[in-house]
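upload_32.cif, holding mmCIF, C-alpha atoms:
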data_model
loop_
_atom_site.group_PDB
_atom_site.id
_atom_site.type_symbol
_atom_site.label_atom_id
_atom_site.label_comp_id
_atom_site.auth_asym_id
_atom_site.auth_seq_id
_atom_site.Cartn_x
_atom_site.Cartn_y
_atom_site.Cartn_z
ATOM 1 C CA MET A 1 1.618 36.668 -10.501
ATOM 2 C CA LYS A 2 1.689 35.353 -6.962
ATOM 3 C CA ARG A 3 3.821 32.246 -6.484
ATOM 4 C CA PRO A 4 1.647 29.223 -5.645
ATOM 5 C CA SER A 5 2.081 28.031 -2.064
ATOM 6 C CA ALA A 6 3.985 24.880 -1.142
ATOM 7 C CA ASN A 7 0.663 23.242 -0.226
ATOM 8 C CA VAL A 8 -0.718 23.740 -3.725
ATOM 9 C CA ILE A 9 2.468 22.518 -5.417
ATOM 10 C CA VAL A 10 2.662 19.334 -3.330
ATOM 11 C CA LEU A 11 -1.033 18.491 -3.803
ATOM 12 C CA LEU A 12 -0.860 19.217 -7.523
ATOM 13 C CA CYS A 13 2.173 16.937 -8.000
ATOM 14 C CA ALA A 14 0.448 14.096 -6.163
ATOM 15 C CA ALA A 15 -2.794 14.615 -8.101
ATOM 16 C CA LEU A 16 -0.925 14.623 -11.402
ATOM 17 C CA LEU A 17 0.875 11.356 -10.607
ATOM 18 C CA THR A 18 -2.427 9.767 -9.546
ATOM 19 C CA LEU A 19 -4.037 10.845 -12.811
ATOM 20 C CA LEU A 20 -1.086 9.333 -14.665
ATOM 21 C CA ALA A 21 -1.689 6.030 -12.856
ATOM 22 C CA PHE A 22 -5.327 6.062 -13.983
ATOM 23 C CA LEU A 23 -4.450 6.694 -17.637
ATOM 24 C CA PRO A 24 -3.765 3.089 -18.755
ATOM 25 C CA ARG A 25 -7.089 2.036 -17.204
ATOM 26 C CA LEU A 26 -8.979 4.728 -19.107
ATOM 27 C CA LEU A 27 -7.288 3.872 -22.408
ATOM 28 C CA GLU A 28 -7.772 0.112 -22.021
ATOM 29 C CA LYS A 29 -9.666 -1.290 -24.961
ATOM 30 C CA ASN A 30 -12.441 -3.826 -24.765
ATOM 31 C CA ALA A 31 -11.388 -7.435 -24.637
ATOM 32 C CA ALA A 32 -12.326 -9.846 -27.378
ATOM 33 C CA ASN A 33 -13.754 -13.325 -26.916
ATOM 34 C CA GLY A 34 -11.667 -16.412 -26.303
ATOM 35 C CA ALA A 35 -10.211 -15.104 -23.071
ATOM 36 C CA ARG A 36 -7.816 -17.100 -20.924
ATOM 37 C CA VAL A 37 -6.193 -16.705 -17.550
ATOM 38 C CA ASN A 38 -2.519 -16.046 -16.879
ATOM 39 C CA VAL A 39 -1.111 -16.946 -13.475
ATOM 40 C CA TYR A 40 2.093 -15.181 -12.409
ATOM 41 C CA VAL A 41 4.355 -16.130 -9.490
ATOM 42 C CA ASN A 42 7.148 -13.750 -8.433
ATOM 43 C CA GLY A 43 6.419 -11.714 -11.552
ATOM 44 C CA GLU A 44 6.975 -14.583 -13.965
ATOM 45 C CA LEU A 45 4.350 -16.433 -15.994
ATOM 46 C CA TYR A 46 3.678 -19.657 -14.132
ATOM 47 C CA GLU A 47 0.750 -21.169 -15.986
ATOM 48 C CA THR A 48 -1.999 -20.325 -18.455
ATOM 49 C CA LEU A 49 -5.506 -21.633 -17.849
ATOM 50 C CA ALA A 50 -8.257 -21.932 -20.430
ATOM 51 C CA PHE A 51 -11.952 -21.485 -19.639
ATOM 52 C CA PRO A 52 -13.556 -24.900 -19.204
ATOM 53 C CA ASP A 53 -16.662 -25.742 -21.231
ATOM 54 C CA GLU A 54 -18.273 -27.100 -18.104
ATOM 55 C CA GLY A 55 -17.407 -27.424 -14.439
ATOM 56 C CA GLU A 56 -14.457 -25.769 -12.766
ATOM 57 C CA THR A 57 -10.681 -25.903 -13.312
ATOM 58 C CA GLN A 58 -8.529 -25.423 -10.236
ATOM 59 C CA LEU A 59 -4.851 -24.609 -9.907
ATOM 60 C CA ARG A 60 -2.992 -24.820 -6.610
ATOM 61 C CA VAL A 61 0.130 -22.661 -6.361
ATOM 62 C CA GLU A 62 2.553 -23.299 -3.505
ATOM 63 C CA THR A 63 5.114 -20.736 -2.333
ATOM 64 C CA GLU A 64 8.508 -21.680 -0.904
ATOM 65 C CA ASP A 65 7.599 -20.825 2.692
ATOM 66 C CA GLY A 66 4.484 -22.987 2.908
ATOM 67 C CA GLY A 67 1.974 -20.572 1.467
ATOM 68 C CA PHE A 68 -0.651 -21.626 -1.049
ATOM 69 C CA ASN A 69 -3.202 -20.064 -3.397
ATOM 70 C CA LEU A 70 -6.086 -21.959 -4.940
ATOM 71 C CA ILE A 71 -7.185 -20.393 -8.217
ATOM 72 C CA ALA A 72 -10.475 -21.478 -9.771
ATOM 73 C CA VAL A 73 -11.770 -20.901 -13.300
ATOM 74 C CA ASP A 74 -15.301 -21.630 -14.420
ATOM 75 C CA SER A 75 -17.465 -20.436 -17.300
ATOM 76 C CA GLY A 76 -18.354 -17.260 -15.364
ATOM 77 C CA GLY A 77 -14.800 -16.093 -14.749
ATOM 78 C CA VAL A 78 -11.824 -16.592 -12.470
ATOM 79 C CA PHE A 79 -11.530 -16.178 -8.688
ATOM 80 C CA MET A 80 -9.239 -16.986 -5.770
ATOM 81 C CA ALA A 81 -11.028 -19.872 -4.094
ATOM 82 C CA ASP A 82 -8.651 -20.099 -1.115
ATOM 83 C CA SER A 83 -5.357 -18.821 0.265
ATOM 84 C CA ASN A 84 -3.483 -18.920 3.557
ATOM 85 C CA CYS A 85 -2.056 -15.385 3.281
ATOM 86 C CA PRO A 86 -2.488 -13.101 6.333
ATOM 87 C CA HIS A 87 -5.610 -11.098 5.464
ATOM 88 C CA ARG A 88 -6.855 -13.143 2.504
ATOM 89 C CA ASP A 89 -7.289 -9.931 0.511
ATOM 90 C CA CYS A 90 -6.987 -11.939 -2.708
ATOM 91 C CA VAL A 91 -10.006 -14.071 -1.758
ATOM 92 C CA SER A 92 -12.009 -10.904 -0.947
ATOM 93 C CA GLN A 93 -11.155 -9.450 -4.347
ATOM 94 C CA GLY A 94 -13.806 -11.733 -5.802
ATOM 95 C CA ARG A 95 -14.424 -12.831 -9.327
ATOM 96 C CA VAL A 96 -13.091 -11.322 -12.570
ATOM 97 C CA SER A 97 -15.159 -11.797 -15.700
ATOM 98 C CA GLU A 98 -15.325 -10.081 -19.056
ATOM 99 C CA GLU A 99 -18.406 -8.222 -17.772
ATOM 100 C CA ASN A 100 -16.899 -6.712 -14.634
ATOM 101 C CA ALA A 101 -13.236 -6.365 -15.649
ATOM 102 C CA GLU A 102 -13.636 -2.681 -16.444
ATOM 103 C CA SER A 103 -15.569 -1.686 -13.338
ATOM 104 C CA ARG A 104 -13.506 -3.595 -10.766
ATOM 105 C CA ALA A 105 -10.994 -1.613 -8.697
ATOM 106 C CA LEU A 106 -8.204 -3.947 -9.784
ATOM 107 C CA GLY A 107 -9.448 -4.259 -13.360
ATOM 108 C CA ARG A 108 -8.472 -7.592 -14.878
ATOM 109 C CA TRP A 109 -6.304 -8.642 -11.906
ATOM 110 C CA ILE A 110 -6.502 -10.653 -8.717
ATOM 111 C CA ILE A 111 -3.406 -9.998 -6.634
ATOM 112 C CA CYS A 112 -2.002 -11.759 -3.567
ATOM 113 C CA MET A 113 0.808 -9.433 -2.481
ATOM 114 C CA PRO A 114 2.124 -11.487 0.465
ATOM 115 C CA HIS A 115 2.542 -14.578 -1.735
ATOM 116 C CA ARG A 116 3.621 -12.603 -4.826
ATOM 117 C CA VAL A 117 0.964 -14.437 -6.849
ATOM 118 C CA SER A 118 -1.162 -12.632 -9.416
ATOM 119 C CA VAL A 119 -3.892 -13.713 -11.812
ATOM 120 C CA GLU A 120 -4.805 -11.862 -14.987
ATOM 121 C CA LEU A 121 -7.838 -12.295 -17.201
ATOM 122 C CA THR A 122 -6.442 -11.747 -20.666
ATOM 123 C CA SER A 123 -7.712 -11.844 -24.200
ATOM 124 C CA ASP A 124 -4.695 -11.456 -26.472
ATOM 125 C CA GLY A 125 -3.417 -14.440 -28.376
ATOM 126 C CA MET B 1 18.467 20.066 23.501
ATOM 127 C CA ASP B 2 17.709 16.440 24.215
ATOM 128 C CA SER B 3 20.012 14.440 26.388
ATOM 129 C CA GLY B 4 20.847 10.926 25.205
ATOM 130 C CA ALA B 5 18.687 9.273 27.851
ATOM 131 C CA LYS B 6 15.686 11.433 27.025
ATOM 132 C CA THR B 7 15.981 10.624 23.314
ATOM 133 C CA THR B 8 16.264 6.902 24.026
ATOM 134 C CA ALA B 9 13.199 6.953 26.269
ATOM 135 C CA ARG B 10 11.268 8.956 23.715
ATOM 136 C CA LEU B 11 12.250 6.574 20.897
ATOM 137 C CA GLY B 12 11.150 3.561 22.942
ATOM 138 C CA LEU B 13 7.799 5.147 23.694
ATOM 139 C CA LEU B 14 7.185 6.217 20.101
ATOM 140 C CA THR B 15 8.242 2.815 18.711
ATOM 141 C CA ALA B 16 5.805 1.041 21.025
ATOM 142 C CA LEU B 17 3.040 3.480 20.081
ATOM 143 C CA ALA B 18 3.660 3.082 16.333
ATOM 144 C CA LEU B 19 3.715 -0.725 16.657
ATOM 145 C CA ILE B 20 0.489 -0.967 18.615
ATOM 146 C CA LEU B 21 -1.272 1.451 16.244
ATOM 147 C CA SER B 22 -0.343 -0.560 13.168
ATOM 148 C CA TYR B 23 -1.307 -3.797 14.927
ATOM 149 C CA VAL B 24 -4.736 -2.514 16.001
ATOM 150 C CA GLU B 25 -5.281 -1.152 12.506
ATOM 151 C CA SER B 26 -4.453 -4.499 10.897
ATOM 152 C CA LEU B 27 -7.385 -6.010 12.827
ATOM 153 C CA PHE B 28 -9.845 -3.761 10.978
ATOM 154 C CA PRO B 29 -9.079 -3.769 7.260
ATOM 155 C CA ILE B 30 -10.946 -0.827 5.746
ATOM 156 C CA PHE B 31 -10.935 -1.910 2.112
ATOM 157 C CA PRO B 32 -9.976 -5.582 1.746
ATOM 158 C CA ALA B 33 -10.596 -5.700 -1.993
ATOM 159 C CA LEU B 34 -7.647 -3.373 -2.583
ATOM 160 C CA PRO B 35 -4.248 -4.611 -1.458
ATOM 161 C CA GLY B 36 -2.267 -2.065 0.539
ATOM 162 C CA VAL B 37 -5.053 0.419 1.266
ATOM 163 C CA LYS B 38 -4.956 1.264 4.956
ATOM 164 C CA LEU B 39 -5.347 4.242 7.243
ATOM 165 C CA GLY B 40 -1.707 4.332 8.346
ATOM 166 C CA LEU B 41 -2.356 5.519 11.903
ATOM 167 C CA SER B 42 1.277 4.953 12.836
ATOM 168 C CA ASN B 43 2.090 7.730 10.364
ATOM 169 C CA CYS B 44 0.879 10.147 13.096
ATOM 170 C CA VAL B 45 3.749 8.974 15.277
ATOM 171 C CA LEU B 46 6.237 9.381 12.447
ATOM 172 C CA LEU B 47 4.852 12.838 11.626
ATOM 173 C CA TYR B 48 5.414 13.870 15.225
ATOM 174 C CA ALA B 49 9.002 12.602 14.991
ATOM 175 C CA VAL B 50 9.540 14.476 11.703
ATOM 176 C CA TYR B 51 8.566 17.788 13.323
ATOM 177 C CA ALA B 52 9.861 17.326 16.850
ATOM 178 C CA MET B 53 12.985 15.164 16.584
ATOM 179 C CA HIS B 54 16.333 15.035 14.838
ATOM 180 C CA PRO B 55 16.084 13.395 11.350
ATOM 181 C CA ARG B 56 18.526 10.727 12.523
ATOM 182 C CA ASP B 57 16.191 9.768 15.390
ATOM 183 C CA ALA B 58 13.150 9.788 13.102
ATOM 184 C CA ALA B 59 14.976 7.384 10.758
ATOM 185 C CA LEU B 60 15.896 5.165 13.714
ATOM 186 C CA LEU B 61 12.243 5.155 14.812
ATOM 187 C CA LEU B 62 11.153 4.049 11.331
ATOM 188 C CA LEU B 63 13.768 1.289 11.197
ATOM 189 C CA LEU B 64 12.768 -0.004 14.644
ATOM 190 C CA LYS B 65 9.062 0.108 13.803
ATOM 191 C CA VAL B 66 9.474 -1.660 10.462
ATOM 192 C CA SER B 67 11.798 -4.424 11.658
ATOM 193 C CA LEU B 68 9.989 -5.110 14.948
ATOM 194 C CA GLY B 69 6.644 -4.977 13.132
ATOM 195 C CA ALA B 70 7.798 -7.595 10.621
ATOM 196 C CA LEU B 71 9.228 -9.800 13.399
ATOM 197 C CA LEU B 72 6.081 -9.615 15.525
ATOM 198 C CA PHE B 73 3.248 -9.593 13.004
ATOM 199 C CA GLY B 74 4.789 -9.970 9.563
ATOM 200 C CA SER B 75 7.071 -11.867 7.222
ATOM 201 C CA PRO B 76 10.204 -11.156 5.131
ATOM 202 C CA VAL B 77 7.938 -10.063 2.279
ATOM 203 C CA SER B 78 5.882 -7.717 4.464
ATOM 204 C CA PHE B 79 9.174 -6.310 5.812
ATOM 205 C CA LEU B 80 10.236 -5.331 2.281
ATOM 206 C CA TYR B 81 6.856 -3.729 1.558
ATOM 207 C CA SER B 82 6.838 -1.639 4.721
ATOM 208 C CA LEU B 83 10.533 -0.738 4.527
ATOM 209 C CA SER B 84 10.329 0.595 0.973
ATOM 210 C CA GLY B 85 7.101 2.454 1.733
ATOM 211 C CA GLY B 86 8.336 3.819 5.040
ATOM 212 C CA ALA B 87 11.759 4.875 3.773
ATOM 213 C CA LEU B 88 10.400 6.777 0.773
ATOM 214 C CA SER B 89 7.689 8.383 2.919
ATOM 215 C CA LEU B 90 10.107 9.471 5.656
ATOM 216 C CA ALA B 91 12.664 10.773 3.164
ATOM 217 C CA LEU B 92 10.055 12.948 1.443
ATOM 218 C CA MET B 93 8.597 14.231 4.715
ATOM 219 C CA LEU B 94 12.041 15.143 6.080
ATOM 220 C CA LEU B 95 12.850 16.895 2.810
ATOM 221 C CA LEU B 96 9.599 18.888 2.819
ATOM 222 C CA ARG B 97 9.151 19.574 6.519
ATOM 223 C CA ARG B 98 10.797 23.001 6.407
ATOM 224 C CA ALA B 99 9.085 24.087 3.166
ATOM 225 C CA PRO B 100 7.618 27.530 3.946
ATOM 226 C CA GLY B 101 3.848 27.468 4.455
ATOM 227 C CA LEU B 102 3.454 23.700 4.135
ATOM 228 C CA CYS B 103 0.797 22.607 6.627
ATOM 229 C CA VAL B 104 0.807 19.329 8.577
ATOM 230 C CA PRO B 105 -2.091 17.643 6.708
ATOM 231 C CA VAL B 106 -0.460 18.323 3.323
ATOM 232 C CA LEU B 107 2.906 17.013 4.522
ATOM 233 C CA SER B 108 1.009 13.946 5.757
ATOM 234 C CA ILE B 109 -0.655 13.481 2.350
ATOM 235 C CA ALA B 110 2.771 13.717 0.693
ATOM 236 C CA GLY B 111 4.040 11.095 3.149
ATOM 237 C CA ALA B 112 1.087 8.760 2.583
ATOM 238 C CA PHE B 113 1.464 9.139 -1.175
ATOM 239 C CA ALA B 114 5.190 8.377 -1.025
ATOM 240 C CA HIS B 115 4.494 5.403 1.265
ATOM 241 C CA ASN B 116 2.077 3.891 -1.239
ATOM 242 C CA ALA B 117 4.389 4.707 -4.150
ATOM 243 C CA GLY B 118 7.256 2.969 -2.317
ATOM 244 C CA GLN B 119 5.081 -0.089 -1.694
ATOM 245 C CA LEU B 120 4.148 -0.191 -5.369
ATOM 246 C CA MET B 121 7.849 -0.127 -6.268
ATOM 247 C CA ALA B 122 8.450 -3.070 -3.954
ATOM 248 C CA ALA B 123 5.435 -4.832 -5.468
ATOM 249 C CA ALA B 124 6.748 -4.223 -8.994
ATOM 250 C CA PHE B 125 10.055 -5.743 -7.912
ATOM 251 C CA LEU B 126 8.572 -8.711 -6.006
ATOM 252 C CA ALA B 127 5.377 -9.545 -7.894
ATOM 253 C CA GLY B 128 5.861 -7.933 -11.307
ATOM 254 C CA LEU B 129 5.250 -4.531 -12.883
ATOM 255 C CA ALA B 130 1.846 -5.248 -14.421
ATOM 256 C CA PRO B 131 0.051 -6.249 -11.187
ATOM 257 C CA ALA B 132 1.705 -3.314 -9.390
ATOM 258 C CA LEU B 133 0.376 -0.938 -12.041
ATOM 259 C CA ALA B 134 -3.073 -2.507 -11.641
ATOM 260 C CA CYS B 135 -3.006 -1.597 -7.931
ATOM 261 C CA ALA B 136 -1.580 1.893 -8.493
ATOM 262 C CA PRO B 137 -4.621 4.056 -9.370
ATOM 263 C CA TRP B 138 -6.862 3.423 -6.354
ATOM 264 C CA LEU B 139 -3.964 2.942 -3.958
ATOM 265 C CA LEU B 140 -2.486 6.333 -4.872
ATOM 266 C CA LEU B 141 -5.920 7.995 -4.792
ATOM 267 C CA SER B 142 -6.611 6.574 -1.342
ATOM 268 C CA SER B 143 -3.482 8.268 0.035
ATOM 269 C CA PHE B 144 -5.199 11.669 -0.210
ATOM 270 C CA ALA B 145 -7.934 10.546 2.179
ATOM 271 C CA THR B 146 -5.752 8.538 4.565
ATOM 272 C CA GLY B 147 -2.993 11.178 4.570
ATOM 273 C CA LEU B 148 -5.500 13.940 5.331
ATOM 274 C CA LEU B 149 -7.025 12.012 8.247
ATOM 275 C CA THR B 150 -3.720 11.060 9.877
ATOM 276 C CA GLY B 151 -2.391 14.579 9.187
ATOM 277 C CA LEU B 152 -5.319 16.268 10.950
ATOM 278 C CA LEU B 153 -4.853 13.901 13.874
ATOM 279 C CA ALA B 154 -1.117 14.614 13.986
ATOM 280 C CA ARG B 155 -1.765 18.373 13.932
ATOM 281 C CA LEU B 156 -4.003 18.037 16.989
ATOM 282 C CA VAL B 157 -1.279 16.073 18.776
ATOM 283 C CA LEU B 158 1.484 18.521 17.803
ATOM 284 C CA ARG B 159 -0.574 21.526 19.014
ATOM 285 C CA GLN B 160 -1.350 19.857 22.316
ATOM 286 C CA MET B 161 2.299 18.855 22.812
ATOM 287 C CA LYS B 162 3.354 22.463 22.202
ATOM 288 C CA LYS B 163 0.814 23.730 24.715
ATOM 289 C CA GLU B 164 2.022 21.253 27.315
ATOM 290 C CA ASN B 165 5.599 22.173 26.422
ATOM 291 C CA VAL B 166 6.712 18.560 25.962
#
Produce structure tokens that represent the structure in this file.
Amino acid sequence: MKRPSANVIVLLCAALLTLLAFLPRLLEKNAANGARVNVYVNGELYETLAFPDEGETQLRVETEDGGFNLIAVDSGGVFMADSNCPHRDCVSQGRVSEENAESRALGRWIICMPHRVSVELTSDG
Amino acid sequence: MDSGAKTTARLGLLTALALILSYVESLFPIFPALPGVKLGLSNCVLLYAVYAMHPRDAALLLLLKVSLGALLFGSPVSFLYSLSGGALSLALMLLLRRAPGLCVPVLSIAGAFAHNAGQLMAAAFLAGLAPALACAPWLLLSSFATGLLTGLLARLVLRQMKKENV
């Protein structure tokens, strides 16, 4: 058998690793009711927010170097209402709800990399 | 062989080029909903350095680009993201550059992939493993497209440079 070329080996390795990264997403089971929102700062749980019966709950997170993220939860889901990070990617990531959590690129997460702030829609507990 | 002055001049030129490319690119985010997804045009400059320069000079170019980029347009956090991405990408490209039959676009894809993987490692360290894993699938997948594009561009440049005997 002919030895596969370096091109094929490199592409195959990268494809395999990518597939591996997709696996948890594909295996993810459906969330139950009674969801809540976990807010993480620097990788540690900072606060847990419940879904309000009416209106909107807001949480303002401040980083050490003057950055802020404004997280908003209403009956339809959770979203980043405002942030002063460079490209405001987290604000563009839009809303997470039980309905769209599986089809969104980031799944159940809203992530602000520059501020090391992340928001997860969760259902356990 | 390069004289010292020629190498220094070349490094200055390439650093400036890499910086301006990543700045221009940052003005046009291609996929804002996904953190970290970008074309990586400055990878063309690094690819050229990987093929045409001493590994030591390529590493110096990366270090200059990453630290000046963070000073001019970034922050300490963005410095860590681009350093971990850039270092892993450059290390892999230097390791693979002499692999027999490996073409420029595939080396570029490997570099883009390693860059994104390095950024994810930094993200796991800075922002937590779970959000980093949430970014991983589409970020890694995007590196095939971005790596291919910058690799094709770099191949054009390398061919032209060879023809002009630079």
Exercise. Run the PyMOL selection byres ((chain A) within 9 of (chain B)) against the file shown and list the residues it catches, as a ChimeraX atom specification.
Key: /A:5-8,10-11,14-15,17-25,40-44,86-94,105-120
Take the residues from that selection and put them in a file with C-alpha atoms, as a compact mmCIF listing (two decimals), in the frame of the given file.
# COMPACT_ATOMS: atom_id res chain seq x y z
CA SER A 5 2.08 28.03 -2.06
CA ALA A 6 3.98 24.88 -1.14
CA ASN A 7 0.66 23.24 -0.23
CA VAL A 8 -0.72 23.74 -3.72
CA VAL A 10 2.66 19.33 -3.33
CA LEU A 11 -1.03 18.49 -3.80
CA ALA A 14 0.45 14.10 -6.16
CA ALA A 15 -2.79 14.62 -8.10
CA LEU A 17 0.88 11.36 -10.61
CA THR A 18 -2.43 9.77 -9.55
CA LEU A 19 -4.04 10.84 -12.81
CA LEU A 20 -1.09 9.33 -14.66
CA ALA A 21 -1.69 6.03 -12.86
CA PHE A 22 -5.33 6.06 -13.98
CA LEU A 23 -4.45 6.69 -17.64
CA PRO A 24 -3.76 3.09 -18.76
CA ARG A 25 -7.09 2.04 -17.20
CA TYR A 40 2.09 -15.18 -12.41
CA VAL A 41 4.36 -16.13 -9.49
CA ASN A 42 7.15 -13.75 -8.43
CA GLY A 43 6.42 -11.71 -11.55
CA GLU A 44 6.98 -14.58 -13.96
CA PRO A 86 -2.49 -13.10 6.33
CA HIS A 87 -5.61 -11.10 5.46
CA ARG A 88 -6.86 -13.14 2.50
CA ASP A 89 -7.29 -9.93 0.51
CA CYS A 90 -6.99 -11.94 -2.71
CA VAL A 91 -10.01 -14.07 -1.76
CA SER A 92 -12.01 -10.90 -0.95
CA GLN A 93 -11.16 -9.45 -4.35
CA GLY A 94 -13.81 -11.73 -5.80
CA ALA A 105 -10.99 -1.61 -8.70
CA LEU A 106 -8.20 -3.95 -9.78
CA GLY A 107 -9.45 -4.26 -13.36
CA ARG A 108 -8.47 -7.59 -14.88
CA TRP A 109 -6.30 -8.64 -11.91
CA ILE A 110 -6.50 -10.65 -8.72
CA ILE A 111 -3.41 -10.00 -6.63
CA CYS A 112 -2.00 -11.76 -3.57
CA MET A 113 0.81 -9.43 -2.48
CA PRO A 114 2.12 -11.49 0.46
CA HIS A 115 2.54 -14.58 -1.74
CA ARG A 116 3.62 -12.60 -4.83
CA VAL A 117 0.96 -14.44 -6.85
CA SER A 118 -1.16 -12.63 -9.42
CA VAL A 119 -3.89 -13.71 -11.81
CA GLU A 120 -4.80 -11.86 -14.99
Exercise. State, in Å with one decimal place, the distance from atom CA of Ala145 of chain B to atom CA of Leu88 of chain B.
Key: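 Calculated distance between atom CA of Ala145 of chain B and atom CA of Leu88 of chain B is 18.8 Å.
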Quiz item: the PyMOL selection byres ((chain B and resi 90) around 9) on the file shown: which residues, as a list in words?
Solution: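 Given this file, the PyMOL selection byres ((chain B and resi 90) around 9) evaluates to Leu46, Leu47, Val50, Ala58, Ala59, Leu62, Gly85, Gly86, Ala87, Leu88, Ser89, Ala91, Leu92, Met93, Leu94, Leu95, Gly111, Ala114 and His115 of chain B.
Picture a line from atom CA of Ser75 of chain A to atom CA of Leu27 of chain A; it runs 26.8 Å.
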Self-check item: Atom-to-atom span, atom CA of Phe68 of chain A and atom CA of Cys85 of chain A, Å
Solution: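 Here the two named atoms are 7.7 Å from each other.
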Self-check item: Test item: the PyMOL selection byres ((chain B and resi 5-19) around 7) resolved as a PyMOL selection string
Solution: chain B and resi 2-4+20-23+42+45+61+64-65+69
Quiz prompt | Test item: residues at most 7 Å from Glu56 of chain A, only C-alpha atoms, excluding those fewer than 2 positions along its chain, as a VMD selection string | solution = chain A and resid 52 54 58 72 to 74
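Here the question is which of A:Leu70, A:Val61, A:Val78, A:Ala101 gets nearest to Leu49 of chain A using all atoms listed in the file, and that residue is A:Val78.
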Exercise. Give as an NGL selection string each residue that has an atom at most 10 Å from (-0.4, -17.5, -19.4) in the file, counting all atoms listed in the file.
Key: :A and (36-40 or 44-50 or 119-122 or 125)
